[in-house]
Amino acid sequence: MPSATTESQPVDAQAAPGKIDFDDYSASYDTLLHESTKLYAEDSEYFARYKVDLIKEATRHPVRRVLEYGCGTGRNIAYLQTAFPDAEIVGTDVSAVSLEVAATANPKARFEIEREGMALGAFDLIFVASVFHHIPPLERPTVMRTLAGRLAPGGSIDIFEHNPFNPVTRRIVSTCPFDADAVLLKPAELRALFQSAGLKLTRQVYCLFVPPKLSWLMPLEKHLRWLPLGGQYWISASQVR
Ligand SMILES: C[S@@+](CC[C@H](N)C(=O)[O-])C[C@H]1O[C@@H](n2cnc3c(N)ncnc32)[C@H](O)[C@@H]1O
C-alpha cells in the first residue's frame, strides 16, 4: 500500500546527507544494484531493457540524437543504441570514473563530463533514469532548465524516478549504499519542475509492477499505469509549441 506521504509534500527533503560521489561506486555499482534488487529481478539488466523498451514503443517522432543525462556506467546505452540504431547516442554524468566504464563498454557512443553551460547541441530524446533523486532539491530547477535548453523542437524528455509511494522501493533505497544521499521526488514535484522549465507534460505513468519471474502477468501492466504502486514512475514532456 502507499506510504503515509502525500502528493504535495517533498519526501525526506530535510534529510539529505552528503552527496554520493559515484566515482567511488563505478566498480561496485552492478554488484550493489543486483544485491538491492535481486528479490524483484535476478537479472539487473532487466531494468535498462524495460525502460528503453517503454521509450521505444512510445516514441513517435524522428530520433536523430539521444542524450542520456546521468548515464553512470552506461547500463542503458547499448539498449538505447539498439532501440535507435540511426541516432547519435551521447551520455553525460558528473562521475568521470563511471564515464570511463561506460565508454569502454560502449565504444560507439560519445560520453562527456556534465558541466553547466556546456554546448552539446540539441537532442530529439533526453533520457534520464534514477538521477534526479541524487540531485539536491534546490539544484533541480537549474538542471531541468539545462535539459529543456538541450531539447530539439519536437523532441521529448523522459524521466524515470523511484516511486516514493511504493514501500518496497523505499526499502530498497534505504538499504542501498549508493542511495545514501537520495531524496525521492513525488510525481507532483517532477511535474512542477518540468512546468517551471516551460515544458508541456505529455505523459505520467507508474511502471515496474510485475517482476520478470511473473512475466505471464506482464500484459496486466498497461492497465495499472494509473496506480501509484509501481516500483518507478515515468514522466515525459516536450516543448510548448
Ligand atoms: C543511480 S545512478 C543511475 C545511472 C544510470 N542512469 C542508470 O540508470 O544506470 C545515478 C547517476 O546520476 C549521476 N548524477 C548525480 N547527480 C548528477 C548531476 N547533477 N548531473 C548529472 N549526473 C548526475 C551520478 O553520478 C550517477 O552516475
# chains A, B, ... in the order shown; residues from 1 in each chain; ligands from 1
$ residues_around --residues "segment 122-127 of chain A" --least-positions-apart "5" --cutoff "12 Å" --atoms "only C-alpha atoms" --output "PyMOL selection string"
chain A and resi 48+51-52+54-56+58-71+76-77+79-80+83-84+87-92+132+144+146-161+234-239
$ closest_atom_pairs --of "chain A" --to "ligand 1" --cutoff "6 Å" --atoms "only C-alpha atoms and all ligand atoms" --output "CSV"
residue,atom,partner,partner_atom_place_in_ligand_line,distance
A:Phe22,CA,ligand 1,25 (O),4.7
A:Tyr69,CA,ligand 1,21 (C),5.9
A:Gly70,CA,ligand 1,22 (N),3.6
A:Cys71,CA,ligand 1,6 (N),4.1
A:Gly72,CA,ligand 1,27 (O),3.3
A:Arg75,CA,ligand 1,9 (O),4.9
A:Asp93,CA,ligand 1,22 (N),4.0
A:Val94,CA,ligand 1,22 (N),4.8
A:Ser95,CA,ligand 1,25 (O),4.6
A:Glu114,CA,ligand 1,21 (C),5.8
A:Ala129,CA,ligand 1,6 (N),4.4
A:Ser130,CA,ligand 1,3 (C),5.0
A:Val131,CA,ligand 1,12 (O),4.3
A:His134,CA,ligand 1,15 (C),5.1
A:Ile135,CA,ligand 1,16 (N),5.0
$ select_by_dssp --residues "segment 4-131 of chain A" --states "helix (DSSP H, G or I)" --output "PyMOL selection string"
chain A and resi 13-15+22-25+29-37+45-58+77-83+96-105
$ atom_distance --atom1 "atom CA of Arg115 of chain A" --atom2 "atom CA of Val143 of chain A"
10.5 Å
$ residues_around --residues "Asp43 of chain A" --least-positions-apart "5" --cutoff "12 Å" --atoms "only C-alpha atoms" --output "PDB file with C-alpha atoms, in the first residue's frame"
ATOM      1  CA  ASP A  30      26.492  -3.559 -10.789  1.00  0.00           C
ATOM      2  CA  THR A  31      27.000  -5.780  -7.733  1.00  0.00           C
ATOM      3  CA  LEU A  33      22.377  -2.864  -7.789  1.00  0.00           C
ATOM      4  CA  HIS A  34      21.992  -6.622  -8.097  1.00  0.00           C
ATOM      5  CA  GLU A  35      22.104  -7.065  -4.308  1.00  0.00           C
ATOM      6  CA  SER A  36      19.458  -4.362  -3.805  1.00  0.00           C
ATOM      7  CA  THR A  37      17.021  -5.533  -6.452  1.00  0.00           C
ATOM      8  CA  LYS A  38      17.502  -9.312  -6.739  1.00  0.00           C
ATOM      9  CA  ALA A  48      17.554  -0.991 -18.506  1.00  0.00           C
ATOM     10  CA  ARG A  49      15.800  -3.160 -21.100  1.00  0.00           C
ATOM     11  CA  TYR A  50      12.392  -2.490 -19.585  1.00  0.00           C
ATOM     12  CA  PRO A 211       8.594  -8.886 -11.570  1.00  0.00           C
ATOM     13  CA  PRO A 212      10.121 -10.667 -14.573  1.00  0.00           C
ATOM     14  CA  LYS A 213       9.632 -14.086 -12.954  1.00  0.00           C
TER      15      LYS A 213
END
$ select_by_dssp --residues "segment 87-176 of chain A" --states "strand (DSSP E or B)" --output "MDAnalysis selection string"
chainID A and resid 88:93 110:113 123:129 151:162
$ write_last_selection --atoms "N, CA and C atoms" --output "PDB file, in the first residue's frame"
ATOM      1  N   GLU A  88      22.703   9.329 -33.052  1.00  0.00           N
ATOM      2  CA  GLU A  88      23.937   9.533 -32.272  1.00  0.00           C
ATOM      3  C   GLU A  88      23.539   9.451 -30.794  1.00  0.00           C
ATOM      4  N   ILE A  89      24.280   8.652 -30.019  1.00  0.00           N
ATOM      5  CA  ILE A  89      23.950   8.495 -28.593  1.00  0.00           C
ATOM      6  C   ILE A  89      25.048   9.182 -27.775  1.00  0.00           C
ATOM      7  N   VAL A  90      24.623  10.107 -26.929  1.00  0.00           N
ATOM      8  CA  VAL A  90      25.564  10.840 -26.069  1.00  0.00           C
ATOM      9  C   VAL A  90      25.184  10.579 -24.611  1.00  0.00           C
ATOM     10  N   GLY A  91      26.176  10.250 -23.792  1.00  0.00           N
ATOM     11  CA  GLY A  91      25.926  10.072 -22.365  1.00  0.00           C
ATOM     12  C   GLY A  91      26.718  11.097 -21.578  1.00  0.00           C
ATOM     13  N   THR A  92      26.076  11.713 -20.581  1.00  0.00           N
ATOM     14  CA  THR A  92      26.813  12.640 -19.714  1.00  0.00           C
ATOM     15  C   THR A  92      26.612  12.229 -18.260  1.00  0.00           C
ATOM     16  N   ASP A  93      27.557  12.634 -17.430  1.00  0.00           N
ATOM     17  CA  ASP A  93      27.460  12.351 -15.995  1.00  0.00           C
ATOM     18  C   ASP A  93      28.466  13.249 -15.274  1.00  0.00           C
ATOM     19  N   ARG A 110      29.155   8.548 -27.486  1.00  0.00           N
ATOM     20  CA  ARG A 110      30.028   9.655 -27.044  1.00  0.00           C
ATOM     21  C   ARG A 110      29.688   9.966 -25.584  1.00  0.00           C
ATOM     22  N   PHE A 111      30.719  10.205 -24.781  1.00  0.00           N
ATOM     23  CA  PHE A 111      30.499  10.488 -23.359  1.00  0.00           C
ATOM     24  C   PHE A 111      31.195  11.793 -22.989  1.00  0.00           C
ATOM     25  N   GLU A 112      30.510  12.584 -22.184  1.00  0.00           N
ATOM     26  CA  GLU A 112      31.046  13.879 -21.764  1.00  0.00           C
ATOM     27  C   GLU A 112      30.767  14.074 -20.284  1.00  0.00           C
ATOM     28  N   ILE A 113      31.745  14.654 -19.594  1.00  0.00           N
ATOM     29  CA  ILE A 113      31.510  15.076 -18.206  1.00  0.00           C
ATOM     30  C   ILE A 113      30.483  16.196 -18.209  1.00  0.00           C
ATOM     31  N   PHE A 123      18.884  17.753 -28.766  1.00  0.00           N
ATOM     32  CA  PHE A 123      18.569  16.319 -28.778  1.00  0.00           C
ATOM     33  C   PHE A 123      17.071  16.103 -29.014  1.00  0.00           C
ATOM     34  N   ASP A 124      16.782  15.035 -29.760  1.00  0.00           N
ATOM     35  CA  ASP A 124      15.383  14.679 -30.009  1.00  0.00           C
ATOM     36  C   ASP A 124      14.800  13.898 -28.836  1.00  0.00           C
ATOM     37  N   LEU A 125      15.692  13.242 -28.098  1.00  0.00           N
ATOM     38  CA  LEU A 125      15.232  12.444 -26.953  1.00  0.00           C
ATOM     39  C   LEU A 125      16.257  12.606 -25.830  1.00  0.00           C
ATOM     40  N   ILE A 126      15.750  13.022 -24.670  1.00  0.00           N
ATOM     41  CA  ILE A 126      16.619  13.114 -23.488  1.00  0.00           C
ATOM     42  C   ILE A 126      16.072  12.127 -22.462  1.00  0.00           C
ATOM     43  N   PHE A 127      16.906  11.161 -22.125  1.00  0.00           N
ATOM     44  CA  PHE A 127      16.500  10.052 -21.261  1.00  0.00           C
ATOM     45  C   PHE A 127      17.239  10.214 -19.932  1.00  0.00           C
ATOM     46  N   VAL A 128      16.479  10.152 -18.846  1.00  0.00           N
ATOM     47  CA  VAL A 128      17.078  10.359 -17.518  1.00  0.00           C
ATOM     48  C   VAL A 128      16.499   9.297 -16.579  1.00  0.00           C
ATOM     49  N   ALA A 129      17.351   8.421 -16.064  1.00  0.00           N
ATOM     50  CA  ALA A 129      16.846   7.318 -15.236  1.00  0.00           C
ATOM     51  C   ALA A 129      17.530   7.321 -13.872  1.00  0.00           C
ATOM     52  N   LEU A 151      16.789  20.523 -25.640  1.00  0.00           N
ATOM     53  CA  LEU A 151      15.759  19.782 -26.369  1.00  0.00           C
ATOM     54  C   LEU A 151      15.558  20.367 -27.767  1.00  0.00           C
ATOM     55  N   ALA A 152      15.587  19.502 -28.775  1.00  0.00           N
ATOM     56  CA  ALA A 152      15.312  19.945 -30.152  1.00  0.00           C
ATOM     57  C   ALA A 152      13.809  20.159 -30.309  1.00  0.00           C
ATOM     58  N   PRO A 153      13.404  21.022 -31.249  1.00  0.00           N
ATOM     59  CA  PRO A 153      11.968  21.195 -31.494  1.00  0.00           C
ATOM     60  C   PRO A 153      11.331  19.833 -31.807  1.00  0.00           C
ATOM     61  N   GLY A 154      10.211  19.547 -31.154  1.00  0.00           N
ATOM     62  CA  GLY A 154       9.527  18.267 -31.384  1.00  0.00           C
ATOM     63  C   GLY A 154      10.086  17.117 -30.563  1.00  0.00           C
ATOM     64  N   GLY A 155      11.147  17.381 -29.809  1.00  0.00           N
ATOM     65  CA  GLY A 155      11.762  16.306 -29.015  1.00  0.00           C
ATOM     66  C   GLY A 155      11.063  16.090 -27.687  1.00  0.00           C
ATOM     67  N   SER A 156      11.515  15.058 -26.954  1.00  0.00           N
ATOM     68  CA  SER A 156      10.898  14.792 -25.647  1.00  0.00           C
ATOM     69  C   SER A 156      11.966  14.512 -24.595  1.00  0.00           C
ATOM     70  N   ILE A 157      11.604  14.854 -23.356  1.00  0.00           N
ATOM     71  CA  ILE A 157      12.429  14.481 -22.202  1.00  0.00           C
ATOM     72  C   ILE A 157      11.654  13.410 -21.450  1.00  0.00           C
ATOM     73  N   ASP A 158      12.296  12.296 -21.183  1.00  0.00           N
ATOM     74  CA  ASP A 158      11.649  11.171 -20.492  1.00  0.00           C
ATOM     75  C   ASP A 158      12.423  10.872 -19.220  1.00  0.00           C
ATOM     76  N   ILE A 159      11.762  11.059 -18.094  1.00  0.00           N
ATOM     77  CA  ILE A 159      12.439  10.865 -16.807  1.00  0.00           C
ATOM     78  C   ILE A 159      11.778   9.728 -16.031  1.00  0.00           C
ATOM     79  N   PHE A 160      12.607   8.778 -15.602  1.00  0.00           N
ATOM     80  CA  PHE A 160      12.159   7.687 -14.723  1.00  0.00           C
ATOM     81  C   PHE A 160      12.683   7.969 -13.321  1.00  0.00           C
ATOM     82  N   GLU A 161      11.797   7.842 -12.359  1.00  0.00           N
ATOM     83  CA  GLU A 161      12.199   8.051 -10.969  1.00  0.00           C
ATOM     84  C   GLU A 161      11.622   6.968 -10.066  1.00  0.00           C
ATOM     85  N   HIS A 162      12.301   6.734  -8.957  1.00  0.00           N
ATOM     86  CA  HIS A 162      11.778   5.814  -7.951  1.00  0.00           C
ATOM     87  C   HIS A 162      10.451   6.345  -7.423  1.00  0.00           C
TER      88      HIS A 162
END
$ closest_residue --among "A:Thr169, A:Gln195, A:Gln204, A:Ser98" --to "Tyr233 of chain A" --atoms "only C-alpha atoms"
A:Gln204
$ closest_residue --among "A:Val97, A:Glu57, A:Leu224, A:Tyr206" --to "Asp21 of chain A" --atoms "only C-alpha atoms"
A:Val97
$ residues_around --residues "Gly231 of chain A" --least-positions-apart "4" --cutoff "10 Å" --atoms "only C-alpha atoms" --output "PyMOL selection string"
chain A and resi 40+161-170+206-211
$ residues_around --residues "Gly74 of chain A" --least-positions-apart "4" --cutoff "8 Å" --atoms "only C-alpha atoms" --output "list in words"
Ala78, Gly91, Ser98, Leu99, Val101, Ala102, Ala103, Ala105 and Asn106 of chain A
$ write_last_selection --atoms "all heavy atoms" --output "compact mmCIF listing (two decimals), in the first residue's frame"
# COMPACT_ATOMS: atom_id res chain seq x y z
N ALA A 78 23.63 0.69 -24.43
CA ALA A 78 23.55 -0.31 -25.51
C ALA A 78 22.08 -0.52 -25.92
O ALA A 78 21.78 -0.72 -27.11
CB ALA A 78 24.17 -1.63 -25.07
N GLY A 91 26.18 10.25 -23.79
CA GLY A 91 25.93 10.07 -22.37
C GLY A 91 26.72 11.10 -21.58
O GLY A 91 27.89 11.35 -21.89
N SER A 98 32.82 6.73 -13.70
CA SER A 98 31.68 5.98 -14.28
C SER A 98 31.69 6.11 -15.80
O SER A 98 31.44 5.14 -16.52
CB SER A 98 30.35 6.52 -13.74
OG SER A 98 30.27 6.36 -12.35
N LEU A 99 32.01 7.31 -16.29
CA LEU A 99 32.03 7.52 -17.75
C LEU A 99 33.12 6.69 -18.42
O LEU A 99 32.95 6.24 -19.55
CB LEU A 99 32.21 9.00 -18.08
CG LEU A 99 31.01 9.90 -17.78
CD1 LEU A 99 31.31 11.34 -18.17
CD2 LEU A 99 29.74 9.43 -18.49
N VAL A 101 34.04 3.71 -17.49
CA VAL A 101 33.45 2.37 -17.59
C VAL A 101 32.45 2.34 -18.76
O VAL A 101 32.45 1.43 -19.59
CB VAL A 101 32.73 1.98 -16.27
CG1 VAL A 101 32.02 0.63 -16.40
CG2 VAL A 101 33.71 1.97 -15.11
N ALA A 102 31.63 3.39 -18.83
CA ALA A 102 30.62 3.46 -19.89
C ALA A 102 31.27 3.48 -21.28
O ALA A 102 30.82 2.80 -22.20
CB ALA A 102 29.76 4.71 -19.69
N ALA A 103 32.34 4.25 -21.41
CA ALA A 103 32.99 4.40 -22.73
C ALA A 103 33.65 3.09 -23.16
O ALA A 103 33.63 2.73 -24.34
CB ALA A 103 34.01 5.53 -22.67
N ALA A 105 32.67 0.10 -22.39
CA ALA A 105 31.63 -0.86 -22.76
C ALA A 105 30.86 -0.45 -24.01
O ALA A 105 30.22 -1.28 -24.66
CB ALA A 105 30.65 -1.03 -21.59
N ASN A 106 30.92 0.85 -24.35
CA ASN A 106 30.09 1.37 -25.46
C ASN A 106 30.94 2.25 -26.37
O ASN A 106 30.77 3.48 -26.38
CB ASN A 106 28.92 2.17 -24.89
CG ASN A 106 28.02 1.35 -24.01
OD1 ASN A 106 27.19 0.58 -24.48
ND2 ASN A 106 28.20 1.49 -22.69
$ residues_around --residues "Ile20 of chain A" --least-positions-apart "5" --cutoff "12 Å" --atoms "only C-alpha atoms" --output "list in words"
Tyr25, Ser26, Val94, Ser95, Val131, His133, His134, Ile135, Pro136, Cys176, Pro177, Phe178, Asp179, Ala180, Asp181, Ala182 and Val183 of chain A
$ write_last_selection --atoms "C-alpha atoms" --output "PDB file, in the first residue's frame"
ATOM      1  CA  TYR A  25      30.862   3.151  -6.866  1.00  0.00           C
ATOM      2  CA  SER A  26      31.767   2.668 -10.532  1.00  0.00           C
ATOM      3  CA  VAL A  94      29.253  14.157 -13.185  1.00  0.00           C
ATOM      4  CA  SER A  95      31.209  10.972 -12.403  1.00  0.00           C
ATOM      5  CA  VAL A 131      19.233  10.605 -11.416  1.00  0.00           C
ATOM      6  CA  HIS A 133      16.776  11.815  -6.536  1.00  0.00           C
ATOM      7  CA  HIS A 134      20.571  12.262  -6.309  1.00  0.00           C
ATOM      8  CA  ILE A 135      20.372  15.959  -7.212  1.00  0.00           C
ATOM      9  CA  PRO A 136      19.837  18.187  -4.158  1.00  0.00           C
ATOM     10  CA  CYS A 176      21.367   0.639  -0.995  1.00  0.00           C
ATOM     11  CA  PRO A 177      24.752   2.238  -0.201  1.00  0.00           C
ATOM     12  CA  PHE A 178      24.821   4.496  -3.270  1.00  0.00           C
ATOM     13  CA  ASP A 179      21.343   5.797  -2.402  1.00  0.00           C
ATOM     14  CA  ALA A 180      22.528   7.256   0.905  1.00  0.00           C
ATOM     15  CA  ASP A 181      22.004  10.791  -0.471  1.00  0.00           C
ATOM     16  CA  ALA A 182      18.661  10.000  -2.126  1.00  0.00           C
ATOM     17  CA  VAL A 183      15.845  12.474  -1.648  1.00  0.00           C
TER      18      VAL A 183
END
